[in-house]
Amino acid sequence: MSSPEITIIQQEEITLRQQPKRIADLVSNLKHTNKIRLRKRANYSPFSGEKQENLSSWISENIKKKQCVYFVENPCISDLGKNVCMCGYTKEQHMAMAIRSQSFESKDSWNVKQHIKEMPTDAFGDISFIGLGPRIGKYVRVSSDTPSDVLYHLMTEQWGLEVPSLLISVTGGAKNFRMQMRLKNIFRRGLVKAAQTTGAWIITGGSHAGVMKHVGEAIRDYSIGSIKDSEVVTIGIATWGIVHNRSSLISATGAFPAEYLLDEENQGNLSCLDNNHSHFILVDDGTNGKYGVEILLRTKLEKFISEQTTVKGGVAIKIPIVCVVLEGGPGTLDTIYNAISNNTPCVIVEGSGRVADVIAQVAHLPVSKITISLIQEKLRTHFPDTFDTFTEQKIADWTKKIQDIMRHNQLLTVFQVDKDDQHDIDVAILQALLKASLGHDHQGHENWDHQLKLAVAWNRVDIARSDIFTDELQWKPSDLHPLMTAALIGNKPDFVKLFLEQGVRLEEYATQETIINLYNNTDPSCLFYSKLAKVIEDERLRLEDSNNFKLQLHHVSQVLRELLGDFTKHLYPKPKNAERPRVSIAVPHIKINVQGVTLRSFHKRSQSRAPCTMDPVRDVLIWSVVQNRKEVAEIIWTQCHDCIAAALACSKLLKELSKEEEDTDTSEEMLSVAENFEQRAIGVFSECYRKDEERALKLLIRVSEAWGKTTSLKLALEAKDMKFVSHGGVQAFLTRVWWGKLCVDNGLWRVILCMLFFPLIYTRFITFRTFTTTPCGAKKMQAMTCTERLQAFFMAPIVIFHLNILFYFGFLLLFAYVLMIDFQPYPSWREHVIYFWLFSLVCEEIRQVIYDPDGFGFLRQASIYINDFWNKLDLCAITIFAAGLICRSVPATFYPGRIILSLDFVIFCLRLMHIFTISKTLGPKIIIVKRMMKDVFFFLFLLAVWVVSFGVAKQAILIHNEVRVDWIFRGVVYHSYMTLFGQIPSYIDGVNYSPDQCTINGTDPNKQKCPETNDDNNQTAFPQWLTVILLCLYLLFTNILLLNLLIAMFNYTFQEVQEHTDQIWKFQRHDLIEEYHGRPPAPPPFILCSHMYLFIKQVILHEPAGRQKQLKEKLEKNEETALISWETYLKENYLQNHQHLQKQSTDQRIKDTSEKVTSVLEMLELEQAKRTGLMENKLLFLEEQVLRSAKALNWIVNTLLENGFGAKESAPVIVSSKFDETDLRDTEDSVKIESHVNARDIWYPNSNITRFPVPDEKVPWEVNYKIYDPPFYTALRKDKKYYDPINDSLETLSKINYNTMDGNINRQSFCAPYEVIDGLPLNPVGRTGLKGRGSLCWFGPNHALHLIITKWRRNKDGLICRKRSRKMLETLVIKSKPSEHWALPGGSMEPGEALPYKLRSILQCDFWLTFQNMLENGVEVYKGYVDDPRNTDNAWIETTAISLHFDNLDDPHLHELKKNLQMHDQEIFVRWQVADQKISLYASHKYILQKAVGYYHAYY
């Protein structure tokens, strides 16, 4: 065993001996650590109780570990006196069965596969790092052969991790290294930002060193500075056998938590786990001290996760993976190479050191410039300490791998900290993924569509704006509809705004199917979801069907009408001829698979249908509002036409939802959003009112068909939007309504004089509004007749109001007169007048209940009536009056009847307060009184506690066994209450006690019972000191504390209402104006005439009511359209002004200043970094110039020597030891040689063979490559009848005839005669890194036939599609089931075959001969060498490519071909593919296709 392994084992033993002492010392020094752990155990409950048992049970059944079951002593360590097994563990660490005596007697050698077995794991649970804070992670010890699907299930189901939308695999240096402070900060900030914004998993090696430590510290810094509850998922995949202090993690039943000590000082060659990672997967292969065990499992797991599909923000995508490289050594280069080979994008952080810097510094060079000497120089620079260990073969291997990496530059992104357009690595990570998606199997627009899905899933609108929505690509709005749905469902307002900017019109987008789909994806946590589910459940029960019903818009309408109010009509009426709903799931929360064809076809179907309602923008707005999505709702509102009504309706919806919302924070947020919409309505209305008052007032009373046939004013009133109602324009409208046709500048005294002496209305004493508005908007004066003047005056609400006040005072005076002076046993005529008067009041109340101009229905109208406080007071007064009238009509109850009527008079007087609400002075005071009444109610509750407690205690101490209920009430409540006002009982202290004032036995009903006395001296027996103390305490708390509390409450209420007095008065003013606007003009009792008139007109003659026209007006279609357009125009002005004001606000200015300062600091740092690197760039430039000069001098010297000028021995030495001769050689000749790339892949396909590294410059046989020693590989082709021998013996190979027909085998090359050395032919292109024939059948050329079957790409109209003025082709491609690549139809030709086997497999048998005849008319577009990964130094593929083009869709040969194609074969897939340069084809088939496309001058 090597010395590092010996050191590790010694370190393990030392650690085991020293660990208890160190832990004891640490705990003694950090006394608070135990408290923290105990607090963690008490508070931490993710896996407590039943969950822990379920986790333990599942892990025991599914997760295994590996352990050595056969002890074989390692001779290397045995010499040192250690009993260590070949697995690396000591004898004591083995199980009993592994160290039994017969094991030592066995002669068998130790074998990993045989002597390491799997068994249930014994280390899993939660991990807590001692002394490093309360953070708790999760860990598990797994076998190195654990399937990836089991680990994925563990992470997502058992650990409860959310499926990621991105996988960030961070790799690099495993040892600690230093980074520039600026680069370190940028890396940490950007990595966490990328994970945070995308919901990514970060996977590292998990140890507390190197790049893993940097990632952990980044997560730590984020956790400290973050105020969010969500944490970044950081998964460490480490080797179990190299984990220091791993014994503390072992627990057969699971540790919750296991206490782990991070001890870097004594870890030796082992590694500690990083305390900032959230999850650990510890990979065990049964060995100890062996690094790199986890690499294979990590690679498989990452690949498995990247093949899963996740739904992020409504977008279904395969989980993308990106590799981030920091620093690193040789192993890191292999990781990058493997990632690139698997189409995994890589981000190289330049400036981090070693491998990362080597790749970053050559990334900008063409592959031809990346030479062995260049890489050698880079290695000498970046690996100064270990450069001597790099052999020539290793340097060649590095060069080859770096060249292959650079050939996939679309998968490589270099993050440069000093680059102007890159400041954070999160942008580089996301841009790398977007750039890598260009190379995937997408074509044309579908490729950009995939990129946009990634951006939406990650919610990175900045990436979408900068990299996707560019001038190069024009998006069709319909193509963005699926992603618009995803953005709405995922609550991504930035993308919603972006899509609207890119031309998405909500009128086209919001079809009926789309709206239903949005409601089907309502967030289950919102209140609207539960209300909608309840409506559907009620309908299911009503129809007595046990199944759930499919969501329809009329279900949504029911909930919306419940929220908006019954004064609106249904927004989505239920179809009259609607069929019985089909069975489905009620309001399922379904994520949308935007990536698939299903949703795209759904949107295509939706586009062919007309929108379901009159206002699709309103439908999307409502959907966003009911889910309390503020940003989305505000963006959608900007697209509304009827914007004032929309804003007020949104305010109403949110306020109603906030009343039922249980979560206080959500409720407050709803109210805040509602207030914001109210402010928007005020802003737009203010713009309109400033421009044109008349048109603005029309907006208030215009009937909005889109919002339930109601008006903006009604919505504001129902939503209690006081600020809107108190707006000057609204108040001006109410004032106009209040004055009717009278001019508002008439004084009130003029109106009263005209009421008292009505002929004045025919004079100029009072003026009328005689202007009418023409359809053109002009005002025209109109003369009024005497009758019209009289009618206009007495129909004005202000006149009706004052007439009612005048007559109401008369009613009260008459009522008071009757009660005090003229209340006879038989009613007088005055009392009959009161009865008649009251009857008219009752009729008016009945009219208010049944009068329904808006068609709400009797129940709704009755509900509106009864909810008004003053109507309740009227009903109470009328009911009591009726009770008093009945009592006074019966002689026995005559007096009680008078009492009842007297009390009723008080209620009628209180009714006067409603009249005073119109007064700007008294109105707010009445509101204050109403609010204070609520305060008094709560105060009385507190007061009653003290009154009753003191009264009972006093009564029990003073009076013995009082049985009279009335006197008990007096003593407990009345006396205690009167004490508050200074009426203290005289006997409470025993001083003023007098037996004459009370009765001893309680026999006198008019006297209270005497206090308990002594029998001897007839003095009071109760403790006087106690009653005095009780009285003092009672007065202290009631008179001083509670009464002052009441005063404070009154003061607070007064201040609160006083601040909003004007708004409240203006809001409540509307109720009175509306009441008298719709009230008959005659006051009671003459109002009966008006009632009779209305009854005849509406009930008998069926004429409609015309009194509400001023508060609700339905406009003509043209006028309404013009009005809405005008409103929309002014809305845009408001938004511009609002945006300008926001920019001018102090907060925004401070924010802008802060951003500018930050930008300046970044520019200064960038400039400093540029200056630092300027010298290096100059040195590199100087080095390049010296190299060019040396090349020129070398060329001059060689030319002179060739022409006989001087001797070669005397020529100066130009080549420095720093440069290789290959740097100075003219490379023009090598450029002309076409090199192969696929034939030099490191891994030979379908085998475990690794090629010898062959960099580009060493491919030609003419170039000297002294170290070239490729392995020999020849596969046994049992699937073929004929093939060349599998060995390289000269005797066998000498029988093969090369460069000619060898029997029926054609060994002639299409290129040129090839050279044969030692019986083996040489590849005409050059070295491949492998000898033998590989998996090919023949040494030398293996001939193949490939077909390019094409037709013109056509649109739906049958016209040929063009791109950049060139026609577009479609070609036929195939893919076998085990392969991952599409290819041109064809394949290798067996001797005597006319068609390849793969071509025959996709054609019907009876069509083969016909197809051969068709090929005779084809065009040969290529004939020669094929760059195939199966090629070797001695065997290669050459093909003949024939183009078969069908110019016309009606071509009979094309129909015949389509008819005989086996398109649905289970082993081979066939499809037509657009011929494009982005098409991904096998090997060099893309080059062959390009030849055919060029032949037809088509687009490529």
# chains A, B, ... in the order shown; residues from 1 in each chain; ligands from 1
call {"tool": "residues_around", "arguments": {"residues": "A:Thr979", "least_positions_apart": "2", "cutoff": "12 Å", "atoms": "only C-alpha atoms", "output": "count of residues only"}}
result
26
call {"tool": "residues_around", "arguments": {"residues": "stretch 819-825 of chain A", "least_positions_apart": "5", "cutoff": "9 Å", "atoms": "only C-alpha atoms", "output": "PyMOL selection string"}}
result
chain A and resi 814+830-831+888-889+891+894+898+901-902+905
call {"tool": "residues_around", "arguments": {"residues": "A:Thr146", "least_positions_apart": "2", "cutoff": "8 Å", "atoms": "only C-alpha atoms", "output": "ChimeraX atom specification"}}
result
/A:63-64,142-144,148,150-151,297
call {"tool": "atom_distance", "arguments": {"atom1": "atom CA of A:Ala719", "atom2": "atom CA of A:Ser651"}}
result
6.6 Å
call {"tool": "residues_around", "arguments": {"residues": "stretch 1495-1500 of chain A", "least_positions_apart": "4", "cutoff": "6 Å", "atoms": "only C-alpha atoms", "output": "PDB file with N, CA and C atoms, in the first residue's frame"}}
result
ATOM      1  N   ARG A1366     -34.233  32.215 -50.310  1.00  0.00           N
ATOM      2  CA  ARG A1366     -33.892  30.907 -50.856  1.00  0.00           C
ATOM      3  C   ARG A1366     -34.952  29.894 -50.450  1.00  0.00           C
ATOM      4  N   LYS A1367     -35.170  28.919 -51.328  1.00  0.00           N
ATOM      5  CA  LYS A1367     -36.137  27.873 -51.039  1.00  0.00           C
ATOM      6  C   LYS A1367     -35.612  26.980 -49.915  1.00  0.00           C
ATOM      7  N   MET A1368     -36.553  26.394 -49.188  1.00  0.00           N
ATOM      8  CA  MET A1368     -36.198  25.531 -48.065  1.00  0.00           C
ATOM      9  C   MET A1368     -36.510  24.079 -48.410  1.00  0.00           C
ATOM     10  N   ASP A1476     -31.340  22.394 -42.413  1.00  0.00           N
ATOM     11  CA  ASP A1476     -30.864  23.642 -41.819  1.00  0.00           C
ATOM     12  C   ASP A1476     -29.503  23.380 -41.202  1.00  0.00           C
ATOM     13  N   GLN A1477     -28.704  24.407 -41.069  1.00  0.00           N
ATOM     14  CA  GLN A1477     -27.360  24.224 -40.521  1.00  0.00           C
ATOM     15  C   GLN A1477     -27.401  23.856 -39.046  1.00  0.00           C
TER      16      GLN A1477
END
call {"tool": "closest_residue", "arguments": {"among": "A:Leu790, A:Leu1403, A:Leu1193, A:Ile348", "to": "A:Phe415", "atoms": "only C-alpha atoms"}}
result
A:Ile348
call {"tool": "closest_residue", "arguments": {"among": "A:Val1259, A:Ile1087, A:Val1325, A:Leu1461", "to": "A:Ala396", "atoms": "only C-alpha atoms"}}
result
A:Val1259
call {"tool": "closest_residue", "arguments": {"among": "A:Glu259, A:Glu350, A:Asp1147, A:Glu1012", "to": "A:Gly328", "atoms": "only C-alpha atoms"}}
result
A:Glu350
call {"tool": "select_by_dssp", "arguments": {"residues": "stretch 1398-1485 of chain A", "states": "helix (DSSP H, G or I)", "output": "VMD selection string"}}
result
chain A and resid 1398 to 1401 1405 to 1415 1452 to 1460 1485
call {"tool": "write_last_selection", "arguments": {"atoms": "N, CA, C and O atoms", "output": "mmCIF file, in the first residue's frame"}}
result
data_model
loop_
_atom_site.group_PDB
_atom_site.id
_atom_site.type_symbol
_atom_site.label_atom_id
_atom_site.label_comp_id
_atom_site.auth_asym_id
_atom_site.auth_seq_id
_atom_site.Cartn_x
_atom_site.Cartn_y
_atom_site.Cartn_z
ATOM 1 N N LYS A 1398 -29.961 -1.058 -43.446
ATOM 2 C CA LYS A 1398 -30.779 -0.055 -42.759
ATOM 3 C C LYS A 1398 -31.760 0.608 -43.713
ATOM 4 O O LYS A 1398 -32.862 0.993 -43.310
ATOM 5 N N LEU A 1399 -31.377 0.754 -44.979
ATOM 6 C CA LEU A 1399 -32.289 1.337 -45.959
ATOM 7 C C LEU A 1399 -33.404 0.362 -46.282
ATOM 8 O O LEU A 1399 -34.569 0.755 -46.412
ATOM 9 N N ARG A 1400 -33.056 -0.898 -46.378
ATOM 10 C CA ARG A 1400 -34.081 -1.899 -46.669
ATOM 11 C C ARG A 1400 -35.061 -2.051 -45.512
ATOM 12 O O ARG A 1400 -36.223 -2.373 -45.708
ATOM 13 N N SER A 1401 -34.583 -1.799 -44.301
ATOM 14 C CA SER A 1401 -35.452 -1.993 -43.131
ATOM 15 C C SER A 1401 -36.568 -0.961 -43.043
ATOM 16 O O SER A 1401 -37.561 -1.195 -42.354
ATOM 17 N N CYS A 1405 -40.759 -4.704 -48.625
ATOM 18 C CA CYS A 1405 -39.926 -5.642 -49.394
ATOM 19 C C CYS A 1405 -40.191 -5.557 -50.890
ATOM 20 O O CYS A 1405 -39.262 -5.580 -51.702
ATOM 21 N N ASP A 1406 -41.462 -5.445 -51.251
ATOM 22 C CA ASP A 1406 -41.797 -5.434 -52.678
ATOM 23 C C ASP A 1406 -41.449 -4.105 -53.349
ATOM 24 O O ASP A 1406 -41.647 -3.949 -54.554
ATOM 25 N N PHE A 1407 -40.944 -3.136 -52.567
ATOM 26 C CA PHE A 1407 -40.595 -1.829 -53.120
ATOM 27 C C PHE A 1407 -39.099 -1.709 -53.371
ATOM 28 O O PHE A 1407 -38.645 -0.729 -53.940
ATOM 29 N N TRP A 1408 -38.299 -2.699 -52.964
ATOM 30 C CA TRP A 1408 -36.845 -2.573 -53.075
ATOM 31 C C TRP A 1408 -36.389 -2.410 -54.523
ATOM 32 O O TRP A 1408 -35.585 -1.539 -54.836
ATOM 33 N N LEU A 1409 -36.883 -3.248 -55.410
ATOM 34 C CA LEU A 1409 -36.456 -3.203 -56.802
ATOM 35 C C LEU A 1409 -36.860 -1.883 -57.445
ATOM 36 O O LEU A 1409 -36.083 -1.269 -58.184
ATOM 37 N N THR A 1410 -38.088 -1.434 -57.163
ATOM 38 C CA THR A 1410 -38.554 -0.145 -57.707
ATOM 39 C C THR A 1410 -37.669 0.993 -57.210
ATOM 40 O O THR A 1410 -37.332 1.922 -57.948
ATOM 41 N N PHE A 1411 -37.276 0.907 -55.947
ATOM 42 C CA PHE A 1411 -36.456 1.977 -55.381
ATOM 43 C C PHE A 1411 -35.060 1.989 -56.013
ATOM 44 O O PHE A 1411 -34.486 3.058 -56.223
ATOM 45 N N GLN A 1412 -34.535 0.807 -56.342
ATOM 46 C CA GLN A 1412 -33.239 0.767 -57.023
ATOM 47 C C GLN A 1412 -33.312 1.465 -58.374
ATOM 48 O O GLN A 1412 -32.388 2.179 -58.778
ATOM 49 N N ASN A 1413 -34.423 1.282 -59.050
ATOM 50 C CA ASN A 1413 -34.602 1.960 -60.328
ATOM 51 C C ASN A 1413 -34.711 3.470 -60.140
ATOM 52 O O ASN A 1413 -34.247 4.248 -60.984
ATOM 53 N N MET A 1414 -35.339 3.878 -59.038
ATOM 54 C CA MET A 1414 -35.439 5.311 -58.760
ATOM 55 C C MET A 1414 -34.068 5.919 -58.492
ATOM 56 O O MET A 1414 -33.799 7.064 -58.852
ATOM 57 N N LEU A 1415 -33.165 5.137 -57.895
ATOM 58 C CA LEU A 1415 -31.835 5.650 -57.586
ATOM 59 C C LEU A 1415 -31.022 5.931 -58.833
ATOM 60 O O LEU A 1415 -30.095 6.754 -58.807
ATOM 61 N N PRO A 1452 -45.516 11.033 -58.721
ATOM 62 C CA PRO A 1452 -45.985 9.676 -58.369
ATOM 63 C C PRO A 1452 -44.930 8.882 -57.614
ATOM 64 O O PRO A 1452 -45.263 8.051 -56.765
ATOM 65 N N HIS A 1453 -43.657 9.137 -57.912
ATOM 66 C CA HIS A 1453 -42.602 8.429 -57.181
ATOM 67 C C HIS A 1453 -42.595 8.812 -55.700
ATOM 68 O O HIS A 1453 -42.331 7.964 -54.832
ATOM 69 N N LEU A 1454 -42.883 10.097 -55.420
ATOM 70 C CA LEU A 1454 -42.939 10.534 -54.028
ATOM 71 C C LEU A 1454 -44.098 9.855 -53.303
ATOM 72 O O LEU A 1454 -43.948 9.393 -52.166
ATOM 73 N N HIS A 1455 -45.266 9.795 -53.950
ATOM 74 C CA HIS A 1455 -46.413 9.124 -53.336
ATOM 75 C C HIS A 1455 -46.109 7.647 -53.098
ATOM 76 O O HIS A 1455 -46.482 7.086 -52.064
ATOM 77 N N GLU A 1456 -45.435 7.055 -54.054
ATOM 78 C CA GLU A 1456 -45.109 5.640 -53.918
ATOM 79 C C GLU A 1456 -44.103 5.420 -52.781
ATOM 80 O O GLU A 1456 -44.205 4.439 -52.041
ATOM 81 N N LEU A 1457 -43.144 6.349 -52.669
ATOM 82 C CA LEU A 1457 -42.173 6.238 -51.587
ATOM 83 C C LEU A 1457 -42.846 6.382 -50.224
ATOM 84 O O LEU A 1457 -42.586 5.598 -49.302
ATOM 85 N N LYS A 1458 -43.711 7.388 -50.079
ATOM 86 C CA LYS A 1458 -44.409 7.592 -48.809
ATOM 87 C C LYS A 1458 -45.274 6.392 -48.462
ATOM 88 O O LYS A 1458 -45.389 5.993 -47.295
ATOM 89 N N LYS A 1459 -45.850 5.803 -49.466
ATOM 90 C CA LYS A 1459 -46.727 4.660 -49.247
ATOM 91 C C LYS A 1459 -45.955 3.454 -48.735
ATOM 92 O O LYS A 1459 -46.467 2.674 -47.917
ATOM 93 N N ASN A 1460 -44.710 3.301 -49.189
ATOM 94 C CA ASN A 1460 -43.931 2.113 -48.836
ATOM 95 C C ASN A 1460 -42.942 2.355 -47.710
ATOM 96 O O ASN A 1460 -42.166 1.460 -47.370
ATOM 97 N N HIS A 1485 -22.624 13.269 -41.583
ATOM 98 C CA HIS A 1485 -23.784 13.312 -42.469
ATOM 99 C C HIS A 1485 -24.234 14.740 -42.724
ATOM 100 O O HIS A 1485 -24.835 15.029 -43.760
#
call {"tool": "atom_distance", "arguments": {"atom1": "atom CA of A:Ser1480", "atom2": "atom CA of A:Ala1383"}}
result
8.6 Å
call {"tool": "closest_residue", "arguments": {"among": "A:Arg505, A:Lys1295, A:Lys476, A:Lys378", "to": "A:Ala360", "atoms": "only C-alpha atoms"}}
result
A:Lys378
call {"tool": "closest_residue", "arguments": {"among": "A:Thr335, A:Thr1003, A:Asn1137, A:Thr1128", "to": "A:Ala645", "atoms": "only C-alpha atoms"}}
result
A:Thr1128
call {"tool": "atom_distance", "arguments": {"atom1": "atom CA of A:Lys741", "atom2": "atom CA of A:Phe793"}}
result
7.3 Å
call {"tool": "decode", "arguments": {"residues": "stretch 949-966 of chain A", "atoms": "N, CA, C and O atoms", "output": "short mmCIF file (atom, residue, chain, number, x, y, z; two decimals), in the first residue's frame"}}
result
data_model
loop_
_atom_site.label_atom_id
_atom_site.label_comp_id
_atom_site.auth_asym_id
_atom_site.auth_seq_id
_atom_site.Cartn_x
_atom_site.Cartn_y
_atom_site.Cartn_z
N SER A 949 -69.22 43.51 40.49
CA SER A 949 -68.33 42.93 41.50
C SER A 949 -68.40 43.73 42.80
O SER A 949 -68.50 43.15 43.90
N PHE A 950 -68.35 45.06 42.69
CA PHE A 950 -68.44 45.89 43.91
C PHE A 950 -69.83 45.78 44.54
O PHE A 950 -69.98 45.69 45.76
N GLY A 951 -70.88 45.79 43.71
CA GLY A 951 -72.24 45.73 44.23
C GLY A 951 -72.52 44.44 44.96
O GLY A 951 -73.13 44.44 46.06
N VAL A 952 -72.09 43.33 44.42
CA VAL A 952 -72.32 42.04 45.08
C VAL A 952 -71.54 41.96 46.39
O VAL A 952 -72.06 41.52 47.42
N ALA A 953 -70.27 42.38 46.34
CA ALA A 953 -69.47 42.35 47.56
C ALA A 953 -70.07 43.24 48.63
O ALA A 953 -70.17 42.86 49.80
N LYS A 954 -70.48 44.44 48.27
CA LYS A 954 -71.08 45.37 49.22
C LYS A 954 -72.38 44.81 49.78
O LYS A 954 -72.62 44.86 51.00
N GLN A 955 -73.22 44.28 48.92
CA GLN A 955 -74.51 43.75 49.36
C GLN A 955 -74.32 42.56 50.28
O GLN A 955 -75.02 42.42 51.28
N ALA A 956 -73.37 41.70 49.97
CA ALA A 956 -73.16 40.52 50.80
C ALA A 956 -72.58 40.89 52.16
O ALA A 956 -72.88 40.24 53.17
N ILE A 957 -71.74 41.93 52.23
CA ILE A 957 -71.14 42.34 53.51
C ILE A 957 -72.16 43.07 54.37
O ILE A 957 -72.25 42.84 55.59
N LEU A 958 -72.97 43.95 53.80
CA LEU A 958 -73.88 44.80 54.58
C LEU A 958 -75.20 44.11 54.90
O LEU A 958 -75.68 44.18 56.03
N ILE A 959 -75.80 43.48 53.93
CA ILE A 959 -77.16 42.96 54.09
C ILE A 959 -77.12 41.45 54.18
O ILE A 959 -76.45 40.78 53.38
N HIS A 960 -77.89 40.92 55.12
CA HIS A 960 -77.93 39.47 55.32
C HIS A 960 -79.24 38.92 54.75
O HIS A 960 -80.33 39.30 55.16
N ASN A 961 -79.10 38.05 53.78
CA ASN A 961 -80.23 37.29 53.22
C ASN A 961 -81.37 38.20 52.76
O ASN A 961 -82.52 38.06 53.18
N GLU A 962 -81.05 39.13 51.86
CA GLU A 962 -82.10 39.93 51.22
C GLU A 962 -82.75 39.07 50.13
O GLU A 962 -82.07 38.54 49.24
N VAL A 963 -84.07 38.92 50.17
CA VAL A 963 -84.78 38.06 49.22
C VAL A 963 -85.60 38.86 48.23
O VAL A 963 -86.10 38.29 47.25
N ARG A 964 -85.76 40.15 48.46
CA ARG A 964 -86.54 40.97 47.54
C ARG A 964 -85.67 41.31 46.31
O ARG A 964 -84.63 41.95 46.43
N VAL A 965 -86.14 40.87 45.12
CA VAL A 965 -85.35 40.99 43.90
C VAL A 965 -85.12 42.46 43.53
O VAL A 965 -84.02 42.84 43.13
N ASP A 966 -86.19 43.28 43.67
CA ASP A 966 -86.03 44.68 43.29
C ASP A 966 -84.99 45.39 44.15
O ASP A 966 -84.18 46.19 43.66
#
